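Visitor: data_26.cif (mmCIF, C-alpha atoms) pasted underneath:
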```cif
data_run
loop_
_atom_site.label_atom_id
_atom_site.label_comp_id
_atom_site.auth_asym_id
_atom_site.auth_seq_id
_atom_site.Cartn_x
_atom_site.Cartn_y
_atom_site.Cartn_z
CA MET A 1286 -5.53 12.61 -36.39
CA SER A 1287 -7.42 14.82 -33.93
CA ARG A 1288 -9.18 11.71 -32.55
CA LEU A 1289 -5.77 10.24 -31.70
CA PHE A 1290 -4.57 13.40 -29.96
CA PRO A 1291 -7.05 14.65 -27.35
CA ASP A 1292 -7.81 18.40 -27.16
CA VAL A 1293 -5.85 18.84 -23.91
CA PHE A 1294 -2.58 18.46 -25.87
CA ARG A 1295 -3.44 21.62 -27.83
CA ASN A 1296 -2.88 23.63 -24.63
CA PRO A 1297 0.49 25.39 -25.23
CA ALA A 1298 1.60 25.06 -21.56
CA ILE A 1299 0.90 21.29 -21.51
CA ARG A 1300 2.60 20.85 -24.91
CA ALA A 1301 5.71 22.71 -23.69
CA CYS A 1302 5.73 20.59 -20.48
CA MET A 1303 5.60 17.42 -22.61
CA ILE A 1304 8.62 18.49 -24.70
CA ALA A 1305 10.51 19.66 -21.58
CA ILE A 1306 9.86 16.38 -19.76
CA PHE A 1307 11.08 14.46 -22.81
CA THR A 1308 14.43 16.30 -22.61
CA PHE A 1309 14.44 15.76 -18.81
CA GLY A 1310 13.93 12.01 -19.46
CA MET A 1311 16.73 12.09 -22.05
CA ALA A 1312 19.33 13.05 -19.43
CA GLY A 1313 18.34 10.10 -17.24
CA ALA A 1314 18.04 7.66 -20.14
CA MET A 1315 21.54 8.62 -21.36
CA THR A 1316 23.27 8.12 -18.00
CA ALA A 1317 21.25 5.69 -15.81
CA PRO A 1318 22.16 2.50 -17.76
CA TYR A 1319 25.88 3.37 -17.45
CA ARG A 1320 25.97 5.07 -14.03
CA SER A 1321 27.12 2.00 -12.08
CA ILE A 1322 29.70 1.10 -14.77
CA ILE A 1323 31.16 4.64 -14.64
CA GLY A 1324 31.02 4.95 -10.83
CA ILE A 1325 32.31 1.48 -9.92
CA ARG A 1326 34.43 0.29 -12.86
CA GLU A 1327 35.79 3.53 -14.32
CA LEU A 1328 36.09 5.73 -11.20
CA GLY A 1329 36.72 3.01 -8.61
CA LEU A 1330 33.85 3.40 -6.09
CA SER A 1331 33.18 0.31 -3.98
CA ASP A 1332 29.81 -1.47 -4.37
CA GLY A 1333 28.86 -0.42 -0.83
CA LEU A 1334 29.71 3.24 -1.36
CA TYR A 1335 27.85 3.27 -4.69
CA SER A 1336 24.65 1.85 -3.15
CA PHE A 1337 24.91 4.24 -0.17
CA LEU A 1338 25.32 7.16 -2.62
CA SER A 1339 22.21 6.02 -4.54
CA PHE A 1340 20.19 5.94 -1.30
CA VAL A 1341 21.35 9.35 -0.01
CA SER A 1342 20.87 10.90 -3.45
CA ALA A 1343 17.25 9.67 -3.55
CA ALA A 1344 16.62 10.99 0.01
CA VAL A 1345 18.04 14.43 -0.89
CA ASN A 1346 15.84 14.46 -4.01
CA VAL A 1347 12.69 13.88 -1.90
CA VAL A 1348 13.45 16.71 0.55
CA ILE A 1349 14.41 19.14 -2.26
CA SER A 1350 11.27 18.23 -4.27
CA ILE A 1351 9.02 19.02 -1.28
CA LEU A 1352 10.85 22.29 -0.50
CA LEU A 1353 10.93 23.49 -4.12
CA GLY A 1354 7.30 22.44 -4.67
CA ASN A 1355 6.23 24.42 -1.60
CA LEU A 1356 8.37 27.39 -2.67
CA ALA A 1357 6.77 27.35 -6.15
CA ASP A 1358 3.28 27.30 -4.57
CA ARG A 1359 4.24 30.30 -2.43
CA LEU A 1360 5.65 32.21 -5.43
CA GLY A 1361 2.61 31.26 -7.47
CA GLU A 1362 4.76 30.35 -10.50
CA TYR A 1363 7.05 27.46 -11.46
CA ARG A 1364 9.40 28.99 -14.04
CA SER A 1365 12.04 30.35 -11.65
CA THR A 1366 12.34 27.12 -9.63
CA MET A 1367 12.48 25.07 -12.87
CA ILE A 1368 15.19 27.33 -14.35
CA GLY A 1369 17.21 26.93 -11.13
CA ALA A 1370 16.80 23.13 -11.09
CA CYS A 1371 17.89 22.95 -14.74
CA LEU A 1372 21.09 24.88 -14.01
CA PHE A 1373 22.00 22.29 -11.36
CA GLY A 1374 21.54 19.56 -14.00
CA ILE A 1375 23.91 21.29 -16.44
CA VAL A 1376 26.50 21.70 -13.65
CA GLY A 1377 25.97 18.21 -12.15
CA TYR A 1378 26.40 16.25 -15.38
CA GLY A 1379 28.99 18.68 -16.79
CA MET A 1380 31.31 18.43 -13.77
CA VAL A 1381 31.48 14.61 -13.96
CA TYR A 1382 32.43 14.79 -17.64
CA ALA A 1383 34.90 17.68 -17.17
CA SER A 1384 36.60 16.23 -14.09
CA PRO A 1385 36.01 12.46 -13.90
CA THR A 1386 37.18 11.55 -10.38
CA ALA A 1387 35.46 9.53 -7.66
CA ALA A 1388 35.15 12.65 -5.44
CA VAL A 1389 33.46 14.72 -8.19
CA PHE A 1390 31.11 11.80 -9.01
CA VAL A 1391 30.06 11.60 -5.33
CA ILE A 1392 29.60 15.39 -4.94
CA SER A 1393 27.57 15.54 -8.17
CA GLY A 1394 25.37 12.65 -6.97
CA LEU A 1395 24.80 14.19 -3.52
CA LEU A 1396 23.69 17.70 -4.46
CA PRO A 1397 23.42 19.03 -8.05
CA LEU A 1398 21.80 15.93 -9.58
CA PRO A 1399 19.18 15.35 -6.83
CA ILE A 1400 18.23 19.05 -7.15
CA TYR A 1401 17.93 18.62 -10.92
CA GLY A 1402 15.78 15.52 -10.24
CA ALA A 1403 13.20 17.77 -8.55
CA LEU A 1404 12.50 19.22 -12.01
CA ASN A 1405 10.39 16.10 -12.67
CA SER A 1406 7.76 16.98 -10.06
CA LEU A 1407 7.98 20.72 -10.91
CA LEU A 1408 7.13 20.00 -14.56
CA PHE A 1409 4.14 17.91 -13.45
CA ALA A 1410 3.13 20.74 -11.08
CA ASN A 1411 3.32 23.25 -13.94
CA ALA A 1412 1.20 20.97 -16.12
CA ARG A 1413 -1.28 20.54 -13.24
CA ALA A 1414 -1.56 24.33 -12.86
CA ALA A 1415 -2.20 24.61 -16.61
CA MET A 1416 -5.08 22.09 -16.21
CA HIS A 1417 -6.99 24.56 -14.01
CA GLY A 1418 -10.69 24.30 -14.87
CA MET A 1419 -10.35 21.02 -16.79
CA SER A 1420 -12.57 18.02 -16.11
CA ARG A 1421 -11.26 15.04 -14.15
CA SER A 1422 -10.88 12.82 -17.22
CA GLU A 1423 -9.03 15.58 -19.13
CA MET A 1424 -6.58 15.87 -16.21
CA VAL A 1425 -5.90 12.11 -16.28
CA THR A 1426 -5.39 12.26 -20.07
CA ALA A 1427 -3.02 15.26 -19.83
CA ASN A 1428 -0.98 13.66 -17.02
CA SER A 1429 -0.81 10.41 -19.00
CA GLY A 1430 0.49 12.30 -22.03
CA VAL A 1431 3.16 14.10 -20.03
CA ARG A 1432 4.20 10.82 -18.37
CA ALA A 1433 4.28 9.01 -21.73
CA MET A 1434 7.05 11.40 -22.86
CA ILE A 1435 9.42 10.00 -20.19
CA SER A 1436 8.72 6.45 -21.46
CA LEU A 1437 9.27 7.65 -25.02
CA SER A 1438 12.70 9.05 -24.11
CA TRP A 1439 13.57 5.65 -22.61
CA VAL A 1440 12.44 3.92 -25.82
CA LEU A 1441 14.64 6.04 -28.07
CA ILE A 1442 17.63 7.31 -26.10
CA PRO A 1443 19.44 4.35 -24.40
CA GLY A 1444 19.83 2.57 -27.77
CA ILE A 1445 21.09 5.72 -29.54
CA THR A 1446 23.53 6.46 -26.67
CA GLY A 1447 24.72 2.84 -26.74
CA LEU A 1448 25.34 3.06 -30.51
CA LEU A 1449 27.22 6.37 -30.21
CA LEU A 1450 29.45 4.95 -27.47
CA SER A 1451 29.77 1.39 -28.81
CA GLY A 1452 33.42 1.74 -29.83
CA ALA A 1453 34.40 4.13 -27.03
CA SER A 1454 36.86 3.14 -24.29
CA SER A 1455 34.80 5.08 -21.71
CA MET A 1456 31.09 5.70 -21.11
CA LEU A 1457 31.81 9.21 -19.74
CA PRO A 1458 30.60 11.08 -22.86
CA ALA A 1459 27.07 10.00 -21.77
CA TYR A 1460 27.39 12.69 -19.06
CA LEU A 1461 28.29 15.31 -21.70
CA PHE A 1462 25.20 14.31 -23.74
CA ALA A 1463 23.10 14.59 -20.55
CA ALA A 1464 24.44 18.11 -19.82
CA ILE A 1465 23.47 19.13 -23.39
CA SER A 1466 19.94 17.72 -22.92
CA CYS A 1467 19.63 19.78 -19.67
CA LEU A 1468 20.61 22.83 -21.75
CA LEU A 1469 17.87 21.96 -24.28
CA CYS A 1470 15.37 21.60 -21.42
CA GLN A 1471 16.43 25.01 -20.08
CA GLY A 1472 15.79 26.54 -23.52
CA ILE A 1473 12.28 25.07 -23.67
CA ILE A 1474 11.42 26.37 -20.17
CA LEU A 1475 12.78 29.84 -21.01
CA PHE A 1476 11.34 30.27 -24.50
CA ALA A 1477 8.46 27.83 -25.07
CA LEU A 1478 6.68 27.74 -21.71
CA PRO A 1479 3.95 30.42 -21.53
CA LYS A 1480 4.42 32.92 -18.71
CA ARG A 1481 1.65 32.93 -16.12
CA ALA A 1482 0.60 35.72 -13.81
CA ALA A 1483 1.73 34.76 -10.31
CA THR A 1484 -1.58 35.80 -8.73
CA GLU A 1485 -3.48 33.21 -10.81
CA MET A 1486 -2.28 30.32 -8.73
CA ALA A 1487 -0.48 31.40 -5.60
CA ALA A 1488 -1.53 29.14 -2.72
CA VAL A 1489 -4.10 30.84 -0.51
CA HIS A 1490 -2.35 30.30 2.82
CA HIS A 1491 1.37 29.80 2.79
CA LEU A 1492 2.89 26.78 4.49
CA THR A 1493 6.27 27.03 6.20
CA TYR A 1494 8.82 24.49 4.93
CA LEU A 1495 8.39 22.42 8.09
CA GLY A 1496 4.62 22.71 7.69
CA ALA A 1497 4.95 21.35 4.13
CA LEU A 1498 7.03 18.38 5.36
CA ARG A 1499 4.51 17.81 8.19
CA GLN A 1500 1.60 17.75 5.72
CA VAL A 1501 3.39 15.14 3.60
CA VAL A 1502 4.00 12.80 6.58
CA SER A 1503 0.50 13.24 8.07
CA PRO A 1504 -1.31 9.88 8.55
CA ARG A 1505 -4.00 10.59 5.91
CA ILE A 1506 -1.48 11.30 3.16
CA SER A 1507 1.19 8.79 4.19
CA ALA A 1508 -1.36 5.92 4.21
CA HIS A 1509 -2.28 6.68 0.59
CA ILE A 1510 1.40 7.06 -0.37
CA CYS A 1511 2.09 3.65 1.22
CA GLY A 1512 -0.62 2.02 -0.93
CA VAL A 1513 0.66 3.64 -4.12
CA ALA A 1514 4.29 2.82 -3.22
CA LEU A 1515 3.44 -0.89 -2.75
CA ILE A 1516 2.02 -0.90 -6.28
CA THR A 1517 4.84 1.08 -7.94
CA SER A 1518 7.54 -0.95 -6.10
CA THR A 1519 6.67 -3.77 -8.52
CA LEU A 1520 8.33 -1.74 -11.31
CA HIS A 1521 11.58 -1.45 -9.29
CA LEU A 1522 11.43 -5.16 -8.51
CA ASN A 1523 11.01 -6.01 -12.19
CA ASP A 1524 14.04 -3.79 -13.03
CA ALA A 1525 16.15 -5.84 -10.59
CA LEU A 1526 14.72 -9.28 -11.41
CA LEU A 1527 14.39 -9.19 -15.20
CA PRO A 1528 18.15 -9.19 -16.06
CA LEU A 1529 18.77 -11.91 -13.45
CA ILE A 1530 15.96 -14.16 -14.70
CA VAL A 1531 16.83 -13.53 -18.40
CA THR A 1532 20.46 -14.58 -17.91
CA GLY A 1533 19.62 -17.25 -15.31
CA ALA A 1534 16.47 -19.39 -15.32
CA ALA A 1535 15.41 -18.34 -18.86
CA HIS A 1536 18.86 -19.04 -20.42
CA GLY A 1537 18.85 -15.78 -22.40
CA ARG A 1538 21.66 -13.39 -23.27
CA LEU A 1539 22.46 -9.97 -21.81
CA SER A 1540 21.50 -8.40 -25.16
CA ASP A 1541 17.96 -9.80 -24.64
CA VAL A 1542 17.58 -7.56 -21.57
CA GLY A 1543 17.98 -4.35 -23.60
CA ILE A 1544 15.63 -5.57 -26.32
CA LEU A 1545 12.95 -6.65 -23.81
CA VAL A 1546 13.15 -3.32 -21.92
CA GLY A 1547 12.84 -1.41 -25.23
CA ILE A 1548 9.79 -3.44 -26.34
CA VAL A 1549 8.03 -2.90 -22.99
CA ALA A 1550 8.81 0.85 -23.00
CA LEU A 1551 7.35 1.15 -26.51
CA LEU A 1552 4.19 -0.74 -25.46
CA GLU A 1553 3.92 1.54 -22.40
CA VAL A 1554 3.74 4.64 -24.63
CA VAL A 1555 0.86 3.11 -26.62
CA PHE A 1556 -1.03 1.75 -23.63
CA ILE A 1557 -0.71 4.92 -21.51
CA ILE A 1558 -2.98 6.63 -24.08
CA ILE A 1559 -5.36 3.61 -24.22
CA TRP A 1560 -5.60 3.43 -20.40
CA SER A 1561 -6.47 7.15 -20.15
CA ARG A 1562 -9.46 6.45 -22.44
CA ILE A 1563 -10.51 3.41 -20.40
CA ALA A 1564 -10.25 5.49 -17.19
CA ARG A 1565 -12.73 8.02 -18.59
CA LYS A 1566 -15.38 5.29 -18.67
CA THR A 1567 -14.46 3.17 -15.63
CA GLY A 1568 -12.85 5.73 -13.29
CA GLN A 1569 -9.19 6.03 -12.39
CA MET A 1570 -9.23 3.67 -9.40
CA THR A 1571 -10.83 0.76 -11.32
CA ALA A 1572 -8.34 1.20 -14.18
CA LEU A 1573 -5.39 1.24 -11.75
CA ALA A 1574 -6.69 -1.93 -10.06
CA ALA A 1575 -7.03 -3.68 -13.45
CA GLY A 1576 -3.50 -2.62 -14.47
CA THR A 1577 -2.04 -3.79 -11.15
CA ILE A 1578 -3.70 -7.22 -11.45
CA ILE A 1579 -2.36 -7.60 -15.03
CA TYR A 1580 1.16 -6.66 -13.86
CA ALA A 1581 0.91 -9.10 -10.93
CA VAL A 1582 0.03 -11.88 -13.41
CA PHE A 1583 3.05 -10.86 -15.51
CA LEU A 1584 5.39 -11.00 -12.47
CA SER A 1585 4.05 -14.42 -11.41
CA LEU A 1586 4.62 -15.80 -14.93
CA LEU A 1587 8.07 -14.12 -15.05
CA GLY A 1588 8.96 -16.29 -12.05
CA LEU A 1589 8.03 -19.40 -14.08
CA ALA A 1590 9.87 -18.43 -17.32
CA SER A 1591 12.41 -21.03 -18.47
CA GLU A 1592 13.01 -20.06 -22.13
CA PRO A 1593 13.81 -16.71 -23.81
CA TRP A 1594 10.58 -16.86 -25.89
CA HIS A 1595 8.56 -16.97 -22.64
CA LEU A 1596 9.95 -13.52 -21.79
CA TYR A 1597 9.19 -12.09 -25.25
CA ALA A 1598 5.62 -13.44 -24.97
CA LEU A 1599 5.26 -11.73 -21.59
CA THR A 1600 6.21 -8.24 -22.90
CA VAL A 1601 2.57 -7.57 -23.86
CA LEU A 1602 1.31 -8.18 -20.30
CA ALA A 1603 4.26 -6.18 -18.92
CA GLY A 1604 3.56 -3.21 -21.21
CA ILE A 1605 -0.19 -3.13 -20.49
CA GLY A 1606 0.26 -3.42 -16.70
CA ALA A 1607 3.22 -1.04 -16.42
CA ALA A 1608 1.42 1.65 -18.46
CA ALA A 1609 -1.35 1.81 -15.84
CA ILE A 1610 1.10 1.72 -12.91
CA ILE A 1611 3.24 4.58 -14.23
CA SER A 1612 0.45 6.93 -15.31
CA PHE A 1613 -2.49 6.76 -12.85
CA PRO A 1614 -0.61 7.28 -9.57
CA ILE A 1615 0.51 10.76 -10.77
CA THR A 1616 -3.01 12.24 -10.74
CA TYR A 1617 -3.93 10.18 -7.67
CA LEU A 1618 -1.01 11.65 -5.67
CA GLN A 1619 -1.59 15.21 -6.92
CA ASP A 1620 -5.23 14.95 -5.79
CA LEU A 1621 -4.11 14.25 -2.20
CA ILE A 1622 -3.06 17.94 -1.92
CA ALA A 1623 -5.18 19.28 -4.77
CA ASP A 1624 -5.03 22.95 -3.71
CA ARG A 1625 -1.20 23.07 -3.94
CA PRO A 1626 0.07 21.80 -7.31
CA GLY A 1627 3.76 22.14 -6.29
CA LEU A 1628 3.45 20.23 -3.02
CA GLY A 1629 0.98 17.71 -4.47
CA SER A 1630 3.37 16.96 -7.35
CA ALA A 1631 6.30 16.63 -4.91
CA LEU A 1632 4.49 13.49 -3.64
CA ILE A 1633 5.58 11.89 -6.96
CA SER A 1634 9.21 12.07 -5.70
CA VAL A 1635 8.17 10.83 -2.24
CA ASN A 1636 6.46 7.86 -3.90
CA ILE A 1637 9.51 7.05 -6.08
CA PHE A 1638 11.68 7.00 -2.94
CA ALA A 1639 9.20 4.94 -0.87
CA SER A 1640 8.58 2.44 -3.67
CA ALA A 1641 12.33 1.99 -4.28
CA GLY A 1642 12.74 1.31 -0.54
CA ILE A 1643 9.90 -1.23 -0.48
CA GLY A 1644 11.33 -2.83 -3.65
CA ALA A 1645 14.77 -3.16 -2.06
CA LEU A 1646 13.28 -4.76 1.08
CA VAL A 1647 11.12 -7.23 -0.86
CA PHE A 1648 14.10 -8.12 -3.10
CA ALA A 1649 16.37 -8.68 -0.09
CA ALA A 1650 13.77 -10.75 1.79
CA GLY A 1651 12.70 -12.71 -1.30
CA THR A 1652 16.20 -13.62 -2.45
CA TYR A 1653 17.16 -14.59 1.11
CA VAL A 1654 14.18 -16.93 1.53
CA THR A 1655 13.74 -18.25 -2.04
CA GLY A 1656 15.38 -17.66 -5.45
CA TYR A 1657 14.74 -14.97 -8.08
CA SER A 1658 11.66 -16.84 -9.33
CA GLY A 1659 10.11 -16.91 -5.86
CA THR A 1660 10.90 -13.21 -5.46
CA ALA A 1661 8.99 -12.45 -8.70
CA ILE A 1662 5.88 -14.11 -7.21
CA LEU A 1663 6.41 -12.22 -3.91
CA SER A 1664 6.57 -8.98 -5.98
CA ALA A 1665 3.15 -9.80 -7.47
CA VAL A 1666 1.73 -10.18 -3.94
CA THR A 1667 3.27 -6.80 -2.97
CA GLY A 1668 1.47 -5.03 -5.83
CA LEU A 1669 -1.86 -6.68 -5.04
CA SER A 1670 -1.58 -5.71 -1.34
CA GLY A 1671 -1.08 -2.08 -2.45
CA ILE A 1672 -4.29 -1.98 -4.49
CA ALA A 1673 -6.14 -3.72 -1.63
CA LEU A 1674 -4.92 -0.97 0.78
CA LEU A 1675 -6.05 1.82 -1.59
CA GLY A 1676 -9.45 0.11 -1.97
CA PHE A 1677 -9.80 -0.10 1.82
CA LEU A 1678 -8.85 3.60 2.24
CA GLN A 1679 -11.33 4.64 -0.43
CA ARG A 1680 -14.17 2.69 1.22
CA HIS A 1681 -13.16 4.02 4.65
CA HIS A 1682 -13.13 7.58 3.25
CA ALA A 1683 -16.57 7.10 1.66
CA HIS A 1684 -18.22 6.17 4.98
#
```
How would this structure read if it were set down as structure tokens?
Guide:
Amino acid sequence: MSRLFPDVFRNPAIRACMIAIFTFGMAGAMTAPYRSIIGIRELGLSDGLYSFLSFVSAAVNVVISILLGNLADRLGEYRSTMIGACLFGIVGYGMVYASPTAAVFVISGLLPLPIYGALNSLLFANARAAMHGMSRSEMVTANSGVRAMISLSWVLIPGITGLLLSGASSMLPAYLFAAISCLLCQGIILFALPKRAATEMAAVHHLTYLGALRQVVSPRISAHICGVALITSTLHLNDALLPLIVTGAAHGRLSDVGILVGIVALLEVVFIIIWSRIARKTGQMTALAAGTIIYAVFLSLLGLASEPWHLYALTVLAGIGAAAIISFPITYLQDLIADRPGLGSALISVNIFASAGIGALVFAAGTYVTGYSGTAILSAVTGLSGIALLGFLQRHHAH
């Protein structure tokens, strides 16, 4: 068994981060599949208002992640900011369940939930701080393990939530379940996460909050973020395209979408661990390039799918490619500001926001010019251009 589980997972701080991030993922996996149904159908938001809320919520999350990451670096410890973020999650999900009105849904989506979302990068920052003194390959393995726990929550939780709510007239109890998972996460942070002496990791020179934002948007860092965002936007594009192609060109049923997503998420968990071993031999950049190319092939073939079995056959390629795209960029982004784990990990949120934006633009342009199938091929090109940009930056940096 010890060969299957690398030594880095014996570190109590990394183990606690893995369990905490699983419960963090649970809250999202319980609510995200039903958020639009609750917001639009049950509470009566318009499509336009719902999409505007999603955009503003993501923007608030980015700013909060940078500010909290910088604050944690200044304090030299992550517990207090994580405990605070968790409280916002309990309140944010709890208030929607307790008082289900359109106004409460909007308020919850604009402030408490984006603040809770910053917990994602704080948990990665805490894990990064616990990796102090580890080798490069051990860091990649540890980050891959922590990231795999989010995929695992998405494998297990949406189906269980769906079963629990299958006969219910409303999907609102999903928000109650999410508030309980935030409470569980809070318990893990309070009782299972080892306390660290603040002096061990306080950033040497403090950045002001504006200074932290300036560092994030500096040309050196934003160019790398742009490359990574082009690659990770392919995941957002697949999320949008898969249900449309399944129920359209491939003549499948809506139930196929859930099954396909579950299969791919399960494959991701397996291949995240395999990729981290490959990266030890080939280097992180080569492994990311290979994963991106595999995912681009998957997207191109997705555009050509005309039968449900085509999509099931493609899950293997999707799982292998997606596993590389969701695990390697974490360490890559943290390395851009290696001396500040909080701020470096906040780049994960910046990347999620940028890649969602690129995905939305490519989807809009692709569907305007061609159909969904053409957009899938355009998505493949987007991912390949991202890896080409990172390769160029790496060569430029080496000279």
Visitor: Select, from A:Val1666, A:Ala1410, A:Val1546, A:Leu1539, the residue with the minimum atom-to-atom distance to Tyr1580 in chain A, counting all atoms listed in the file.
Guide: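 With all atoms listed in the file as the atom set, the closest residue is A:Val1666.
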Visitor: Given the file shown, determine the residues that the PyMOL selection byres ((chain A and resi 1642-1645) around 6) selects; report them as a ChimeraX atom specification.
Guide: /A:1518,1521-1522,1639-1641,1646-1648
Visitor: I'd like the box whose edges run along x, y and z of the file and which contains every listed atom of range 1461-1471 of chain A, padded by 5 Å per side; could you state its centre and edge lengths in Å, one decimal, as lines of an AutoDock Vina configuration file?
Guide:
```
center_x = 21.8
center_y = 19.7
center_z = -22.0
size_x = 22.9
size_y = 20.7
size_z = 14.6
```
Visitor: At what distance in Å, to one decimal, does CA of Ala1305 in chain A lie from CA of Thr1519 in chain A?
Guide: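 Spanning CA of Thr1519 in chain A to CA of Ala1305 in chain A is a straight-line distance of 27.1 Å.
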Visitor: Might you spell out which residues the PyMOL selection byres ((chain A and resi 1314) around 8) would select in the displayed file, as a list of chain:residue names?
Guide: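 Evaluating the PyMOL selection byres ((chain A and resi 1314) around 8) on these coordinates yields A:Gly1310, A:Met1311, A:Ala1312, A:Gly1313, A:Met1315, A:Thr1316, A:Ala1317, A:Pro1318, A:Ser1438, A:Trp1439, A:Ile1442, A:Pro1443.
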Visitor: May I have the protein, DNA and RNA residues with an atom at most 12 Å from (-7.2, -1.0, -0.3), counting all atoms listed in the file in the file's coordinates, returned as JSON, numbers by chain?
Guide: {"A": [1508, 1509, 1510, 1511, 1512, 1513, 1515, 1516, 1570, 1571, 1573, 1574, 1668, 1669, 1670, 1671, 1672, 1673, 1674, 1675, 1676, 1677, 1678, 1679, 1680, 1681, 1682]}
Visitor: Dump C-alpha atoms for the selected residues as a short mmCIF file (atom, residue, chain, number, x, y, z; two decimals), keeping the file's coordinate frame?
Guide:
```
data_model
loop_
_atom_site.label_atom_id
_atom_site.label_comp_id
_atom_site.auth_asym_id
_atom_site.auth_seq_id
_atom_site.Cartn_x
_atom_site.Cartn_y
_atom_site.Cartn_z
CA ALA A 1508 -1.36 5.92 4.21
CA HIS A 1509 -2.28 6.68 0.59
CA ILE A 1510 1.40 7.06 -0.37
CA CYS A 1511 2.09 3.65 1.22
CA GLY A 1512 -0.62 2.02 -0.93
CA VAL A 1513 0.66 3.64 -4.12
CA LEU A 1515 3.44 -0.89 -2.75
CA ILE A 1516 2.02 -0.90 -6.28
CA MET A 1570 -9.23 3.67 -9.40
CA THR A 1571 -10.83 0.76 -11.32
CA LEU A 1573 -5.39 1.24 -11.75
CA ALA A 1574 -6.69 -1.93 -10.06
CA GLY A 1668 1.47 -5.03 -5.83
CA LEU A 1669 -1.86 -6.68 -5.04
CA SER A 1670 -1.58 -5.71 -1.34
CA GLY A 1671 -1.08 -2.08 -2.45
CA ILE A 1672 -4.29 -1.98 -4.49
CA ALA A 1673 -6.14 -3.72 -1.63
CA LEU A 1674 -4.92 -0.97 0.78
CA LEU A 1675 -6.05 1.82 -1.59
CA GLY A 1676 -9.45 0.11 -1.97
CA PHE A 1677 -9.80 -0.10 1.82
CA LEU A 1678 -8.85 3.60 2.24
CA GLN A 1679 -11.33 4.64 -0.43
CA ARG A 1680 -14.17 2.69 1.22
CA HIS A 1681 -13.16 4.02 4.65
CA HIS A 1682 -13.13 7.58 3.25
#
```
Visitor: In Å to one decimal, how far is CA of Leu1469 in chain A from CA of Thr1308 in chain A?
Guide: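 For CA of Thr1308 in chain A relative to CA of Leu1469 in chain A, the distance reads 6.8 Å.
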Visitor: Here is a test: counting only C-alpha atoms, which residue of A:Ile1368, A:Leu1352, A:Ala1301, A:Ile1465 is nearest to Ala1415 in chain A?
Guide: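 Comparing A:Ile1368, A:Leu1352, A:Ala1301, A:Ile1465 against Ala1415 in chain A, the winner is A:Ala1301.
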Visitor: Identify all residues satisfying the PyMOL selection byres ((chain A and resi 1526) around 12) in the given file; provide them as a PDB file with C-alpha atoms, in the coordinates of the input.
Guide:
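selection00.pdb was written with the following content:
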```pdb
ATOM      1  CA  THR A1519       6.670  -3.770  -8.520  1.00  0.00           C
ATOM      2  CA  LEU A1520       8.330  -1.740 -11.310  1.00  0.00           C
ATOM      3  CA  HIS A1521      11.580  -1.450  -9.290  1.00  0.00           C
ATOM      4  CA  LEU A1522      11.430  -5.160  -8.510  1.00  0.00           C
ATOM      5  CA  ASN A1523      11.010  -6.010 -12.190  1.00  0.00           C
ATOM      6  CA  ASP A1524      14.040  -3.790 -13.030  1.00  0.00           C
ATOM      7  CA  ALA A1525      16.150  -5.840 -10.590  1.00  0.00           C
ATOM      8  CA  LEU A1527      14.390  -9.190 -15.200  1.00  0.00           C
ATOM      9  CA  PRO A1528      18.150  -9.190 -16.060  1.00  0.00           C
ATOM     10  CA  LEU A1529      18.770 -11.910 -13.450  1.00  0.00           C
ATOM     11  CA  ILE A1530      15.960 -14.160 -14.700  1.00  0.00           C
ATOM     12  CA  VAL A1531      16.830 -13.530 -18.400  1.00  0.00           C
ATOM     13  CA  THR A1532      20.460 -14.580 -17.910  1.00  0.00           C
ATOM     14  CA  GLY A1533      19.620 -17.250 -15.310  1.00  0.00           C
ATOM     15  CA  ALA A1534      16.470 -19.390 -15.320  1.00  0.00           C
ATOM     16  CA  ALA A1535      15.410 -18.340 -18.860  1.00  0.00           C
ATOM     17  CA  VAL A1542      17.580  -7.560 -21.570  1.00  0.00           C
ATOM     18  CA  LEU A1584       5.390 -11.000 -12.470  1.00  0.00           C
ATOM     19  CA  SER A1585       4.050 -14.420 -11.410  1.00  0.00           C
ATOM     20  CA  LEU A1587       8.070 -14.120 -15.050  1.00  0.00           C
ATOM     21  CA  GLY A1588       8.960 -16.290 -12.050  1.00  0.00           C
ATOM     22  CA  ALA A1590       9.870 -18.430 -17.320  1.00  0.00           C
ATOM     23  CA  GLY A1644      11.330  -2.830  -3.650  1.00  0.00           C
ATOM     24  CA  ALA A1645      14.770  -3.160  -2.060  1.00  0.00           C
ATOM     25  CA  VAL A1647      11.120  -7.230  -0.860  1.00  0.00           C
ATOM     26  CA  PHE A1648      14.100  -8.120  -3.100  1.00  0.00           C
ATOM     27  CA  ALA A1649      16.370  -8.680  -0.090  1.00  0.00           C
ATOM     28  CA  GLY A1651      12.700 -12.710  -1.300  1.00  0.00           C
ATOM     29  CA  THR A1652      16.200 -13.620  -2.450  1.00  0.00           C
ATOM     30  CA  GLY A1656      15.380 -17.660  -5.450  1.00  0.00           C
ATOM     31  CA  TYR A1657      14.740 -14.970  -8.080  1.00  0.00           C
ATOM     32  CA  SER A1658      11.660 -16.840  -9.330  1.00  0.00           C
ATOM     33  CA  GLY A1659      10.110 -16.910  -5.860  1.00  0.00           C
ATOM     34  CA  THR A1660      10.900 -13.210  -5.460  1.00  0.00           C
ATOM     35  CA  ALA A1661       8.990 -12.450  -8.700  1.00  0.00           C
ATOM     36  CA  ILE A1662       5.880 -14.110  -7.210  1.00  0.00           C
ATOM     37  CA  LEU A1663       6.410 -12.220  -3.910  1.00  0.00           C
ATOM     38  CA  SER A1664       6.570  -8.980  -5.980  1.00  0.00           C
TER      39      SER A1664
END
```
Visitor: In Å, with one decimal, what is the gap from CA of Val1440 in chain A to CA of Val1549 in chain A?
Guide: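 If I compute the distance from CA of Val1440 in chain A to CA of Val1549 in chain A, I get 8.6 Å.
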